[in-house]
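Asker: Below you'll find input-v8.txt; it's compact mmCIF, C-alpha atoms.
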```txt
# COMPACT_ATOMS: atom_id res chain seq x y z
CA MET A 1 -32.62 224.29 4.16
CA ARG A 2 -35.58 225.07 1.99
CA PHE A 3 -35.77 224.30 -1.64
CA THR A 4 -37.56 227.24 -3.19
CA ASP A 5 -36.87 226.94 -6.91
CA PHE A 6 -39.10 225.40 -9.52
CA THR A 7 -37.92 222.06 -10.86
CA ALA A 8 -38.82 220.07 -13.92
CA PHE A 9 -40.60 217.61 -11.64
CA ASP A 10 -43.14 220.29 -10.75
CA LEU A 11 -44.51 219.93 -14.26
CA VAL A 12 -45.09 216.23 -13.61
CA LEU A 13 -46.86 217.15 -10.37
CA LEU A 14 -49.12 219.60 -12.18
CA ALA A 15 -49.91 217.06 -14.87
CA GLN A 16 -50.71 214.50 -12.19
CA GLY A 17 -53.03 216.94 -10.46
CA LEU A 18 -54.79 217.74 -13.70
CA GLY A 19 -55.13 213.99 -14.31
CA VAL A 20 -56.86 213.55 -10.96
CA ASN A 21 -59.27 216.37 -11.80
CA LEU A 22 -60.03 215.05 -15.26
CA ALA A 23 -60.47 211.46 -14.08
CA LEU A 24 -62.88 212.47 -11.33
CA PHE A 25 -64.66 214.82 -13.72
CA LEU A 26 -65.16 212.11 -16.35
CA GLY A 27 -66.18 209.46 -13.81
CA THR A 28 -68.64 211.60 -11.86
CA SER A 29 -70.09 213.13 -15.04
CA LEU A 30 -70.85 209.68 -16.40
CA ILE A 31 -72.41 208.48 -13.13
CA GLY A 32 -74.28 211.77 -12.77
CA LEU A 33 -75.60 211.52 -16.32
CA VAL A 34 -76.91 208.00 -15.75
CA ILE A 35 -78.51 208.85 -12.39
CA GLY A 36 -79.95 212.15 -13.61
CA ILE A 37 -81.51 210.53 -16.67
CA ALA A 38 -82.86 207.70 -14.52
CA TRP A 39 -84.52 210.29 -12.26
CA ALA A 40 -86.00 212.02 -15.31
CA ILE A 41 -87.41 208.70 -16.51
CA VAL A 42 -88.97 208.14 -13.09
CA ARG A 43 -90.64 211.50 -13.51
CA TYR A 44 -91.69 210.62 -17.07
CA TYR A 45 -93.54 207.57 -15.74
CA ARG A 46 -95.02 209.73 -12.94
CA VAL A 47 -94.12 207.36 -10.11
CA PRO A 48 -96.19 208.81 -7.23
CA VAL A 49 -94.02 209.39 -4.14
CA LEU A 50 -90.65 208.88 -5.75
CA SER A 51 -90.90 211.74 -8.26
CA ALA A 52 -91.83 214.26 -5.58
CA PHE A 53 -88.91 213.10 -3.47
CA ILE A 54 -86.52 213.32 -6.41
CA THR A 55 -87.64 216.85 -7.26
CA PHE A 56 -87.11 217.94 -3.66
CA PHE A 57 -83.71 216.25 -3.44
CA SER A 58 -82.45 217.76 -6.67
CA GLU A 59 -83.68 221.22 -5.63
CA LEU A 60 -81.77 220.84 -2.36
CA LEU A 61 -78.62 219.78 -4.17
CA LYS A 62 -78.90 222.58 -6.70
CA ASN A 63 -79.49 225.28 -4.12
CA SER A 64 -76.67 224.53 -1.70
CA PRO A 65 -72.93 225.01 -2.04
CA VAL A 66 -70.95 222.04 -3.29
CA LEU A 67 -68.42 222.72 -0.55
CA VAL A 68 -71.04 222.09 2.15
CA GLN A 69 -72.16 218.93 0.37
CA LEU A 70 -68.56 217.75 0.32
CA PHE A 71 -68.20 218.44 4.05
CA LEU A 72 -71.48 216.65 4.73
CA VAL A 73 -70.35 213.50 2.94
CA PHE A 74 -66.73 213.55 4.06
CA PHE A 75 -67.14 214.60 7.71
CA GLY A 76 -70.84 213.94 8.33
CA LEU A 77 -71.40 210.44 6.95
CA PRO A 78 -68.56 208.78 8.91
CA GLY A 79 -69.84 210.44 12.08
CA LEU A 80 -73.40 209.32 11.51
CA LEU A 81 -72.97 205.80 10.12
CA HIS A 82 -69.58 204.93 11.61
CA ILE A 83 -68.12 204.05 8.24
CA ARG A 84 -64.87 205.06 6.70
CA VAL A 85 -65.00 207.50 3.79
CA THR A 86 -61.84 208.38 1.90
CA PRO A 87 -61.54 211.84 0.35
CA VAL A 88 -61.76 210.40 -3.16
CA THR A 89 -64.92 208.43 -2.33
CA ALA A 90 -66.52 211.46 -0.75
CA ALA A 91 -65.61 213.58 -3.77
CA ALA A 92 -66.97 210.95 -6.16
CA ILE A 93 -70.28 210.61 -4.27
CA THR A 94 -70.82 214.36 -3.92
CA LEU A 95 -69.91 215.33 -7.46
CA SER A 96 -71.98 212.50 -8.94
CA ALA A 97 -75.05 213.48 -6.94
CA ASN A 98 -74.55 217.16 -7.73
CA THR A 99 -74.16 216.51 -11.45
CA ALA A 100 -77.20 214.23 -11.35
CA ALA A 101 -79.33 217.00 -9.85
CA PHE A 102 -78.50 219.37 -12.69
CA VAL A 103 -78.74 216.68 -15.38
CA TYR A 104 -82.19 215.81 -14.01
CA VAL A 105 -83.47 219.35 -14.63
CA ILE A 106 -81.95 219.48 -18.11
CA ALA A 107 -83.34 216.05 -19.01
CA VAL A 108 -86.81 216.96 -17.75
CA SER A 109 -86.89 220.13 -19.82
CA GLY A 110 -85.61 218.12 -22.80
CA ILE A 111 -88.43 215.63 -22.41
CA GLU A 112 -90.99 218.40 -21.97
CA SER A 113 -89.71 220.19 -25.08
CA ILE A 114 -91.41 217.56 -27.24
CA GLY A 115 -94.89 218.50 -28.34
CA ARG A 116 -97.87 216.60 -26.99
CA ASP A 117 -99.15 215.97 -30.52
CA GLN A 118 -96.10 213.83 -31.31
CA LEU A 119 -96.64 211.72 -28.20
CA GLU A 120 -100.33 211.33 -28.97
CA ALA A 121 -99.62 210.37 -32.57
CA ALA A 122 -97.12 207.76 -31.42
CA ARG A 123 -99.59 206.37 -28.87
CA VAL A 124 -102.26 206.16 -31.57
CA PHE A 125 -99.90 204.08 -33.66
CA GLY A 126 -99.85 201.63 -30.76
CA LEU A 127 -96.39 202.29 -29.38
CA SER A 128 -95.97 201.54 -25.69
CA ARG A 129 -94.85 204.26 -23.29
CA TRP A 130 -91.35 202.81 -23.28
CA GLN A 131 -91.22 202.69 -27.10
CA VAL A 132 -92.35 206.30 -27.24
CA LEU A 133 -89.60 207.23 -24.81
CA ARG A 134 -86.97 205.20 -26.64
CA HIS A 135 -87.75 206.12 -30.27
CA ILE A 136 -89.59 209.44 -30.17
CA VAL A 137 -88.63 211.30 -27.01
CA ALA A 138 -85.01 210.29 -26.37
CA PRO A 139 -83.42 211.28 -29.70
CA GLN A 140 -85.11 214.68 -29.82
CA ALA A 141 -84.59 215.38 -26.13
CA ALA A 142 -80.89 214.54 -26.50
CA ALA A 143 -80.43 217.04 -29.30
CA PHE A 144 -82.37 219.65 -27.33
CA ALA A 145 -80.51 219.08 -24.07
CA LEU A 146 -77.00 218.89 -25.44
CA GLY A 147 -76.31 222.65 -25.34
CA PRO A 148 -77.20 223.14 -21.66
CA LEU A 149 -75.49 219.83 -20.89
CA ILE A 150 -72.16 221.02 -22.28
CA ALA A 151 -72.43 224.26 -20.32
CA LEU A 152 -73.10 222.16 -17.23
CA LEU A 153 -70.10 219.93 -17.87
CA VAL A 154 -67.77 222.91 -18.28
CA ASN A 155 -69.10 224.18 -14.96
CA GLN A 156 -68.72 220.81 -13.25
CA LEU A 157 -65.10 220.64 -14.38
CA GLN A 158 -64.45 223.79 -12.38
CA VAL A 159 -66.38 222.45 -9.42
CA THR A 160 -63.89 219.57 -9.20
CA SER A 161 -61.33 222.10 -7.94
CA LEU A 162 -63.23 222.18 -4.62
CA ILE A 163 -62.25 218.61 -3.73
CA SER A 164 -58.82 219.91 -2.75
CA VAL A 165 -60.47 221.35 0.37
CA ILE A 166 -61.22 217.85 1.74
CA GLY A 167 -57.73 216.65 0.97
CA VAL A 168 -57.79 215.12 -2.51
CA VAL A 169 -54.44 215.93 -4.12
CA ASP A 170 -55.79 217.48 -7.29
CA LEU A 171 -54.49 220.38 -9.38
CA THR A 172 -55.55 223.03 -6.87
CA LYS A 173 -53.90 221.13 -4.01
CA ILE A 174 -50.72 220.79 -6.06
CA GLY A 175 -50.90 224.53 -6.67
CA ASN A 176 -51.21 225.07 -2.93
CA ILE A 177 -48.19 222.86 -2.23
CA LEU A 178 -46.07 224.56 -4.89
CA ASN A 179 -47.20 227.96 -3.64
CA MET A 180 -46.17 227.16 -0.09
CA ARG A 181 -42.79 225.85 -1.22
CA THR A 182 -41.76 228.46 -3.77
CA LEU A 183 -43.69 231.46 -2.40
CA LYS A 184 -44.32 232.60 -5.97
CA PRO A 185 -48.13 232.83 -6.02
CA PHE A 186 -48.43 234.63 -9.33
CA VAL A 187 -46.48 232.05 -11.30
CA VAL A 188 -48.08 229.06 -9.59
CA TRP A 189 -51.69 230.17 -9.72
CA THR A 190 -51.36 231.47 -13.28
CA ALA A 191 -50.06 228.06 -14.35
CA VAL A 192 -52.86 226.27 -12.48
CA GLY A 193 -55.45 228.66 -13.89
CA LEU A 194 -54.15 228.16 -17.43
CA LEU A 195 -54.37 224.38 -17.08
CA TYR A 196 -57.98 224.58 -15.87
CA PHE A 197 -58.76 227.04 -18.65
CA ALA A 198 -57.31 224.74 -21.29
CA ALA A 199 -59.24 221.77 -19.89
CA ALA A 200 -62.50 223.76 -19.89
CA LYS A 201 -61.91 224.87 -23.47
CA LEU A 202 -61.20 221.27 -24.47
CA VAL A 203 -64.49 220.10 -22.97
CA ALA A 204 -66.39 222.91 -24.67
CA PHE A 205 -64.72 222.15 -28.00
CA ALA A 206 -65.43 218.42 -27.81
CA GLY A 207 -68.99 219.20 -26.80
CA SER A 208 -69.63 221.53 -29.71
CA ARG A 209 -68.19 218.98 -32.15
CA PHE A 210 -70.55 216.36 -30.77
CA GLU A 211 -73.48 218.77 -30.83
CA LYS A 212 -72.86 219.54 -34.46
CA ARG A 213 -73.01 215.83 -35.26
CA LEU A 214 -76.23 215.28 -33.32
CA ARG A 215 -77.88 218.22 -35.03
CA ALA A 216 -76.58 217.34 -38.48
CA HIS A 217 -80.07 216.29 -39.56
CA SER A 218 -81.44 219.80 -39.10
CA ALA A 219 -78.31 221.74 -40.02
CA TRP A 220 -78.39 224.34 -42.74
CA ARG A 221 -77.09 222.63 -45.87
CA GLY A 222 -76.78 225.68 -48.06
CA LEU A 223 -78.59 226.44 -51.26
CA MET B 1 -76.86 206.39 14.35
CA ARG B 2 -78.87 209.27 15.72
CA LEU B 3 -79.74 212.71 14.57
CA ASP B 4 -79.91 215.18 17.43
CA LEU B 5 -80.35 218.75 16.27
CA SER B 6 -80.64 220.16 19.80
CA VAL B 7 -76.83 220.18 20.15
CA LEU B 8 -76.83 223.14 17.79
CA LEU B 9 -79.03 225.36 19.95
CA PRO B 10 -76.22 227.05 21.94
CA HIS B 11 -74.38 227.83 18.68
CA LEU B 12 -77.24 229.42 16.77
CA GLY B 13 -76.10 232.95 17.57
CA PHE B 14 -72.63 232.20 16.30
CA LEU B 15 -74.01 230.72 13.08
CA ALA B 16 -76.31 233.71 12.62
CA HIS B 17 -73.26 235.94 12.90
CA GLY B 18 -71.63 233.92 10.12
CA ALA B 19 -74.77 234.16 8.00
CA LEU B 20 -74.71 237.93 8.45
CA LEU B 21 -71.12 238.03 7.21
CA THR B 22 -72.12 235.94 4.18
CA ALA B 23 -74.98 238.34 3.46
CA GLU B 24 -72.69 241.36 3.81
CA ALA B 25 -70.06 239.88 1.50
CA CYS B 26 -72.71 238.95 -1.07
CA ALA B 27 -74.38 242.37 -0.95
CA LEU B 28 -71.09 244.19 -1.43
CA ALA B 29 -70.00 241.75 -4.14
CA LEU B 30 -73.34 242.19 -5.90
CA ILE B 31 -72.81 245.94 -6.11
CA GLY B 32 -69.24 245.38 -7.23
CA SER B 33 -70.14 242.85 -9.87
CA VAL B 34 -73.02 244.91 -11.30
CA VAL B 35 -70.73 247.95 -11.62
CA MET B 36 -67.99 245.77 -13.08
CA GLY B 37 -70.49 243.99 -15.32
CA ALA B 38 -71.97 247.27 -16.57
CA PHE B 39 -68.56 248.59 -17.60
CA VAL B 40 -67.57 245.34 -19.26
CA ALA B 41 -70.94 245.08 -20.99
CA ILE B 42 -70.48 248.60 -22.37
CA ALA B 43 -67.03 247.60 -23.59
CA ARG B 44 -68.40 244.45 -25.19
CA THR B 45 -71.15 246.29 -27.02
CA SER B 46 -68.93 249.22 -28.03
CA SER B 47 -67.93 249.82 -31.60
CA SER B 48 -64.21 249.48 -30.82
CA ALA B 49 -62.86 246.09 -31.81
CA LEU B 50 -60.04 246.30 -29.27
CA LEU B 51 -62.39 246.95 -26.34
CA GLN B 52 -64.61 244.13 -27.52
CA ARG B 53 -61.74 241.68 -27.66
CA VAL B 54 -60.27 242.67 -24.30
CA SER B 55 -63.61 242.47 -22.52
CA TYR B 56 -64.40 239.12 -24.13
CA LEU B 57 -61.04 237.82 -22.91
CA TYR B 58 -61.90 238.93 -19.37
CA VAL B 59 -65.26 237.18 -19.43
CA ASP B 60 -63.77 234.06 -20.98
CA ILE B 61 -60.97 233.77 -18.44
CA PHE B 62 -63.03 234.38 -15.33
CA ARG B 63 -65.79 232.03 -16.41
CA ASN B 64 -63.44 229.17 -17.27
CA VAL B 65 -61.04 229.26 -14.33
CA PRO B 66 -62.34 227.83 -11.03
CA PHE B 67 -63.23 230.46 -8.46
CA ILE B 68 -61.01 228.90 -5.82
CA VAL B 69 -57.97 229.37 -8.07
CA GLN B 70 -58.88 233.03 -8.67
CA LEU B 71 -59.32 233.47 -4.93
CA PHE B 72 -55.94 231.95 -4.08
CA PHE B 73 -54.33 234.02 -6.83
CA LEU B 74 -55.58 237.19 -5.15
CA TYR B 75 -55.19 236.05 -1.56
CA TYR B 76 -51.59 234.90 -1.89
CA GLY B 77 -50.66 237.22 -4.74
CA LEU B 78 -51.78 240.64 -3.50
CA PRO B 79 -49.37 240.75 -0.50
CA GLU B 80 -46.60 239.91 -2.96
CA VAL B 81 -47.13 243.22 -4.75
CA GLY B 82 -47.42 245.13 -1.49
CA ILE B 83 -51.19 245.25 -1.08
CA TYR B 84 -52.13 244.08 2.41
CA ILE B 85 -55.88 243.71 2.82
CA ASP B 86 -57.88 241.37 5.04
CA ALA B 87 -59.61 238.18 3.95
CA PHE B 88 -63.04 239.83 3.82
CA THR B 89 -61.96 242.54 1.38
CA THR B 90 -60.05 240.02 -0.73
CA GLY B 91 -63.11 237.79 -0.83
CA VAL B 92 -65.43 240.61 -1.84
CA ILE B 93 -63.02 241.72 -4.57
CA ALA B 94 -62.66 238.17 -5.90
CA LEU B 95 -66.44 237.65 -5.85
CA SER B 96 -66.98 240.98 -7.60
CA ILE B 97 -64.52 240.18 -10.37
CA ALA B 98 -65.84 236.66 -10.93
CA GLY B 99 -69.45 237.77 -10.59
CA GLY B 100 -68.76 240.69 -12.90
CA ALA B 101 -67.93 238.28 -15.70
CA TYR B 102 -71.33 236.62 -15.36
CA ALA B 103 -73.17 239.91 -14.77
CA SER B 104 -71.59 241.45 -17.86
CA ASP B 105 -73.04 238.69 -20.02
CA VAL B 106 -76.48 239.32 -18.56
CA ILE B 107 -76.30 243.09 -18.96
CA ARG B 108 -74.88 242.72 -22.46
CA ALA B 109 -77.91 240.64 -23.41
CA GLY B 110 -80.10 243.36 -21.90
CA ILE B 111 -78.34 246.04 -23.95
CA LEU B 112 -78.60 244.03 -27.17
CA ALA B 113 -82.31 243.56 -26.57
CA ILE B 114 -82.97 247.31 -26.55
CA ASP B 115 -84.98 248.50 -29.51
CA GLN B 116 -82.64 250.26 -31.96
CA GLY B 117 -85.26 252.98 -32.42
CA ILE B 118 -84.91 254.12 -28.81
CA ILE B 119 -81.18 254.64 -29.24
CA GLU B 120 -81.66 256.45 -32.53
CA ALA B 121 -84.31 258.68 -30.97
CA ALA B 122 -81.93 259.55 -28.13
CA GLU B 123 -79.15 260.32 -30.61
CA VAL B 124 -81.44 262.52 -32.66
CA SER B 125 -82.47 264.39 -29.51
CA GLY B 126 -78.83 265.39 -29.20
CA LEU B 127 -77.94 263.45 -26.05
CA SER B 128 -74.22 262.97 -25.52
CA ARG B 129 -72.85 259.41 -25.53
CA ARG B 130 -72.38 259.45 -21.77
CA VAL B 131 -75.92 260.58 -21.06
CA LEU B 132 -77.20 258.11 -23.64
CA PHE B 133 -75.57 255.29 -21.71
CA THR B 134 -76.34 256.35 -18.16
CA ARG B 135 -79.88 257.64 -18.74
CA ILE B 136 -81.25 255.52 -21.58
CA VAL B 137 -79.35 252.32 -22.23
CA LEU B 138 -78.34 251.18 -18.74
CA PRO B 139 -81.72 251.76 -16.98
CA ILE B 140 -83.54 249.75 -19.63
CA ALA B 141 -80.89 247.02 -19.75
CA LEU B 142 -80.69 246.69 -15.96
CA ARG B 143 -84.44 246.65 -15.57
CA THR B 144 -84.98 243.82 -18.02
CA SER B 145 -82.08 241.80 -16.63
CA VAL B 146 -83.20 241.81 -13.00
CA ARG B 147 -84.16 238.15 -13.13
CA PRO B 148 -80.93 236.76 -14.62
CA LEU B 149 -78.95 239.08 -12.33
CA GLY B 150 -80.84 237.41 -9.51
CA SER B 151 -79.53 234.03 -10.54
CA VAL B 152 -76.05 235.54 -10.62
CA LEU B 153 -76.66 236.64 -7.03
CA ILE B 154 -77.88 233.18 -6.04
CA ASN B 155 -74.80 231.64 -7.61
CA MET B 156 -72.71 234.16 -5.73
CA THR B 157 -74.33 233.21 -2.43
CA LEU B 158 -73.39 229.59 -3.05
CA THR B 159 -69.91 230.50 -4.26
CA SER B 160 -69.29 232.65 -1.19
CA SER B 161 -68.99 229.44 0.84
CA ILE B 162 -65.57 229.05 -0.80
CA LEU B 163 -64.41 232.15 1.07
CA SER B 164 -64.11 229.91 4.13
CA THR B 165 -60.92 228.50 2.57
CA ILE B 166 -59.16 231.85 3.02
CA THR B 167 -59.86 231.93 6.78
CA LEU B 168 -62.98 234.06 6.50
CA ASN B 169 -65.52 232.89 9.09
CA GLU B 170 -68.69 233.35 7.11
CA LEU B 171 -71.55 230.84 7.31
CA THR B 172 -69.53 227.81 6.20
CA GLY B 173 -66.45 228.90 8.13
CA SER B 174 -68.36 229.36 11.37
CA ALA B 175 -70.08 226.01 10.81
CA GLN B 176 -66.64 224.40 10.67
CA ILE B 177 -65.83 225.98 14.02
CA VAL B 178 -69.11 224.71 15.48
CA VAL B 179 -68.24 221.22 14.22
CA SER B 180 -64.89 221.34 15.96
CA GLN B 181 -66.63 222.28 19.20
CA THR B 182 -69.56 219.85 19.11
CA TYR B 183 -68.09 216.91 17.14
CA ARG B 184 -71.42 216.64 15.33
CA PRO B 185 -70.51 217.14 11.65
CA PHE B 186 -73.61 215.52 10.19
CA GLU B 187 -76.12 217.63 12.11
CA VAL B 188 -74.25 220.86 11.49
CA TYR B 189 -73.79 220.35 7.77
CA VAL B 190 -77.34 219.13 7.18
CA VAL B 191 -78.64 222.26 8.87
CA LEU B 192 -76.18 224.32 6.83
CA LEU B 193 -77.42 222.73 3.61
CA VAL B 194 -81.02 223.59 4.46
CA VAL B 195 -80.08 227.12 5.56
CA TYR B 196 -78.34 227.78 2.25
CA ALA B 197 -81.29 226.37 0.30
CA ALA B 198 -83.68 228.56 2.31
CA LEU B 199 -81.44 231.58 1.79
CA THR B 200 -81.32 231.16 -1.97
CA TYR B 201 -85.07 230.52 -2.03
CA LEU B 202 -85.69 233.79 -0.21
CA VAL B 203 -83.38 235.60 -2.64
CA SER B 204 -85.23 234.18 -5.62
CA LEU B 205 -88.58 235.23 -4.11
CA ALA B 206 -87.28 238.75 -3.55
CA ILE B 207 -85.94 238.88 -7.10
CA ALA B 208 -89.30 237.82 -8.53
CA LEU B 209 -91.03 240.57 -6.54
CA LEU B 210 -88.50 243.19 -7.63
CA HIS B 211 -88.76 242.07 -11.24
CA ARG B 212 -92.53 242.40 -11.18
CA ARG B 213 -92.34 245.80 -9.51
CA LEU B 214 -89.76 247.24 -11.93
CA ASN B 215 -91.46 245.91 -15.03
CA ARG B 216 -95.04 246.61 -13.94
CA ASP B 217 -95.73 248.93 -16.87
CA MET B 218 -94.91 246.12 -19.30
CA MET B 219 -97.05 243.64 -17.37
CA GLU B 220 -100.19 245.71 -17.80
CA ALA B 221 -99.69 245.82 -21.52
CA VAL B 222 -99.78 242.02 -21.64
CA THR B 223 -102.84 241.41 -19.49
```
Starting from the file, lay out its structure as structure tokens.
Answerer:
Amino acid sequence: MRFTDFTAFDLVLLAQGLGVNLALFLGTSLIGLVIGIAWAIVRYYRVPVLSAFITFFSELLKNSPVLVQLFLVFFGLPGLLHIRVTPVTAAAITLSANTAAFVYVIAVSGIESIGRDQLEAARVFGLSRWQVLRHIVAPQAAAFALGPLIALLVNQLQVTSLISVIGVVDLTKIGNILNMRTLKPFVVWTAVGLLYFAAAKLVAFAGSRFEKRLRAHSAWRGL
Amino acid sequence: MRLDLSVLLPHLGFLAHGALLTAEACALALIGSVVMGAFVAIARTSSSALLQRVSYLYVDIFRNVPFIVQLFFLYYGLPEVGIYIDAFTTGVIALSIAGGAYASDVIRAGILAIDQGIIEAAEVSGLSRRVLFTRIVLPIALRTSVRPLGSVLINMTLTSSILSTITLNELTGSAQIVVSQTYRPFEVYVVLLVVYAALTYLVSLAIALLHRRLNRDMMEAVT
């Protein structure tokens, strides 16, 4: 006998799936942010070989499908290094690295958006390179980079749906399971789509709130 | 731990076949998404509030729901309403609809950038609204948005790897088959990563050439 009706427990399943997506999204975004900014700082200090390598690596990550990267980490790494990689670990590694590659580009353009005259003035005042980065570059670059960063995060939230392909039981996987059981694709995928849509809107909303706060110093105050 | 790329040699023809399928799907989807995007962009820049709202809803939904969910919606949903088409056609349709949302934004920006005087001149010359759109507005808008449309195409090339989840054996799908025959996931997916990066690099080169060719009259004015 097959059980083909929707039950109240399906809602719990969907919520669980969304939780997996959101948790991985938040975790990998944080790690990706830290790594991406670290790479940008390496470039800021013009470390000889390392910066060229980082640029190449981030270009490679940006210009290849996330799905292939996931396969490479999940199927390739265990084969090459004879280690065990769980789907969640593979997803975390891939998404972090992918986010880092995009954050790197945004951070670099944020750093480069600051005029040379400011840097020179700060150097003349006797600030060290680190102090310039910390007090002059970082605050302005953050305000500059926040817009693209939020767009990136909204995009990365959708990219998390791909981890279902390597077997992480996330929202898309739950949708697949429900679809196979109930054979009602329109209802299932509309529900899944709506949940993703709501999550994306939430991220965008939170981001714009935060952006408004960061830019409060230059906001139009009215006459 | 060893990296032996020579195991791939007997499978190169098979992979090339997959790459061809990817290229075909992307080319068809590009045409589809530009047509779709042009119509939606016209709707978004029209004077009718209803058309504007409906087209904005379309763009908003298809940009904020993961592509894999849209794909499953179509792939499992279309047979439900009596439309039986193969995975390739479903994939191209899904790519066109999703790409159309991005393309419409690009074309809309191109339309909004047109000098108001040109449109007024065309109106004064007595051109009908249809001719005004097809002969004046769209050529200018499409020509200036070649470059951003190119990045839509690059994104589409990367997104097309997701079509492998609906049993379409394009580049990623055929790579999975090669993995199951050679048991060399790392080699196969590393090569795949580089192939995709090379592919998108070639596309971006071609786009830059096309952009320069189409806008050559504007270039001369600058130099």
Asker: To one decimal place in Å, what is the distance between atom CA of B:Tyr76 and atom CA of A:Asn179?
Answerer: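 Interatomic distance, atom CA of B:Tyr76 to atom CA of A:Asn179: 8.4 Å.
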Asker: Set the cut-off to 6 Å and count all atoms listed in the file: what are the residues of chain A that reach chain B? Output as a PyMOL selection string.
Answerer: chain A and resi 63-65+72+75-76+80-81+158+185-186+189+193+196-197
Asker: Residues of stretch 146-194 of chain A that have any atom at most 12 Å from an atom of stretch 108-114 of chain A: could you tabulate them with the shortest-distance atom pair and the distance in Å to one decimal, using only C-alpha atoms, ordered by chain and increasing number, as a tab-separated table?
Answerer:
```
residue	atom	partner	partner_atom	distance
A:Leu146	CA	A:Gly110	CA	9.0
A:Gly147	CA	A:Gly110	CA	10.7
A:Pro148	CA	A:Gly110	CA	9.9
A:Leu149	CA	A:Gly110	CA	10.4
```
Asker: Pick the closest to A:Ile150 from A:Val34, A:Ala206, A:Val42, A:Ile54: which is it, counting all atoms listed in the file?
Answerer: A:Ala206
Asker: Would you please work out which residue, of A:Leu30, A:Arg129, A:Val68, A:His217, is nearest to A:Arg46 when using only C-alpha atoms?
Answerer: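 Smallest separation from A:Arg46 among the options: A:Arg129.
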Asker: Counting only C-alpha atoms, which residues come within 10 Å of (-69.5, 253.5, -22.7), with the point read in the file's coordinates, and could you list them as an mmCIF file with C-alpha atoms, keeping the file's coordinate frame?
Answerer:
```
data_model
loop_
_atom_site.group_PDB
_atom_site.id
_atom_site.type_symbol
_atom_site.label_atom_id
_atom_site.label_comp_id
_atom_site.auth_asym_id
_atom_site.auth_seq_id
_atom_site.Cartn_x
_atom_site.Cartn_y
_atom_site.Cartn_z
ATOM 1 C CA ALA B 38 -71.970 247.270 -16.570
ATOM 2 C CA PHE B 39 -68.560 248.590 -17.600
ATOM 3 C CA VAL B 40 -67.570 245.340 -19.260
ATOM 4 C CA ALA B 41 -70.940 245.080 -20.990
ATOM 5 C CA ILE B 42 -70.480 248.600 -22.370
ATOM 6 C CA ALA B 43 -67.030 247.600 -23.590
ATOM 7 C CA ARG B 44 -68.400 244.450 -25.190
ATOM 8 C CA THR B 45 -71.150 246.290 -27.020
ATOM 9 C CA SER B 46 -68.930 249.220 -28.030
ATOM 10 C CA SER B 47 -67.930 249.820 -31.600
ATOM 11 C CA ARG B 129 -72.850 259.410 -25.530
ATOM 12 C CA ARG B 130 -72.380 259.450 -21.770
ATOM 13 C CA VAL B 131 -75.920 260.580 -21.060
ATOM 14 C CA LEU B 132 -77.200 258.110 -23.640
ATOM 15 C CA PHE B 133 -75.570 255.290 -21.710
ATOM 16 C CA THR B 134 -76.340 256.350 -18.160
ATOM 17 C CA VAL B 137 -79.350 252.320 -22.230
ATOM 18 C CA LEU B 138 -78.340 251.180 -18.740
#
```
Asker: Ranking A:Ala107, A:Ala219, A:Val159, A:Leu33 by minimum distance to A:Ala141 and counting all atoms listed in the file, which one comes first?
Answerer: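 The answer is A:Ala107, which sits nearest to A:Ala141.
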Asker: Generate a file for stretch 90-99 of chain B, containing N, CA and C atoms, as an mmCIF file, in the first residue's frame.
Answerer:
```
data_model
loop_
_atom_site.group_PDB
_atom_site.id
_atom_site.type_symbol
_atom_site.label_atom_id
_atom_site.label_comp_id
_atom_site.auth_asym_id
_atom_site.auth_seq_id
_atom_site.Cartn_x
_atom_site.Cartn_y
_atom_site.Cartn_z
ATOM 1 N N THR B 90 12.695 20.209 -22.292
ATOM 2 C CA THR B 90 12.360 20.761 -20.980
ATOM 3 C C THR B 90 13.484 21.644 -20.461
ATOM 4 N N GLY B 91 14.710 21.148 -20.609
ATOM 5 C CA GLY B 91 15.857 21.913 -20.128
ATOM 6 C C GLY B 91 15.985 23.244 -20.833
ATOM 7 N N VAL B 92 15.840 23.221 -22.169
ATOM 8 C CA VAL B 92 15.963 24.469 -22.928
ATOM 9 C C VAL B 92 14.867 25.445 -22.515
ATOM 10 N N ILE B 93 13.637 24.926 -22.324
ATOM 11 C CA ILE B 93 12.540 25.815 -21.922
ATOM 12 C C ILE B 93 12.830 26.419 -20.553
ATOM 13 N N ALA B 94 13.263 25.568 -19.616
ATOM 14 C CA ALA B 94 13.545 26.069 -18.262
ATOM 15 C C ALA B 94 14.649 27.117 -18.290
ATOM 16 N N LEU B 95 15.721 26.825 -19.062
ATOM 17 C CA LEU B 95 16.833 27.783 -19.164
ATOM 18 C C LEU B 95 16.354 29.087 -19.789
ATOM 19 N N SER B 96 15.483 28.980 -20.810
ATOM 20 C CA SER B 96 15.004 30.191 -21.474
ATOM 21 C C SER B 96 14.188 31.044 -20.520
ATOM 22 N N ILE B 97 13.317 30.391 -19.734
ATOM 23 C CA ILE B 97 12.465 31.167 -18.829
ATOM 24 C C ILE B 97 13.317 31.829 -17.745
ATOM 25 N N ALA B 98 14.231 31.037 -17.150
ATOM 26 C CA ALA B 98 15.064 31.601 -16.081
ATOM 27 C C ALA B 98 16.003 32.662 -16.644
ATOM 28 N N GLY B 99 16.617 32.351 -17.815
ATOM 29 C CA GLY B 99 17.513 33.318 -18.425
ATOM 30 C C GLY B 99 16.769 34.562 -18.872
#
```
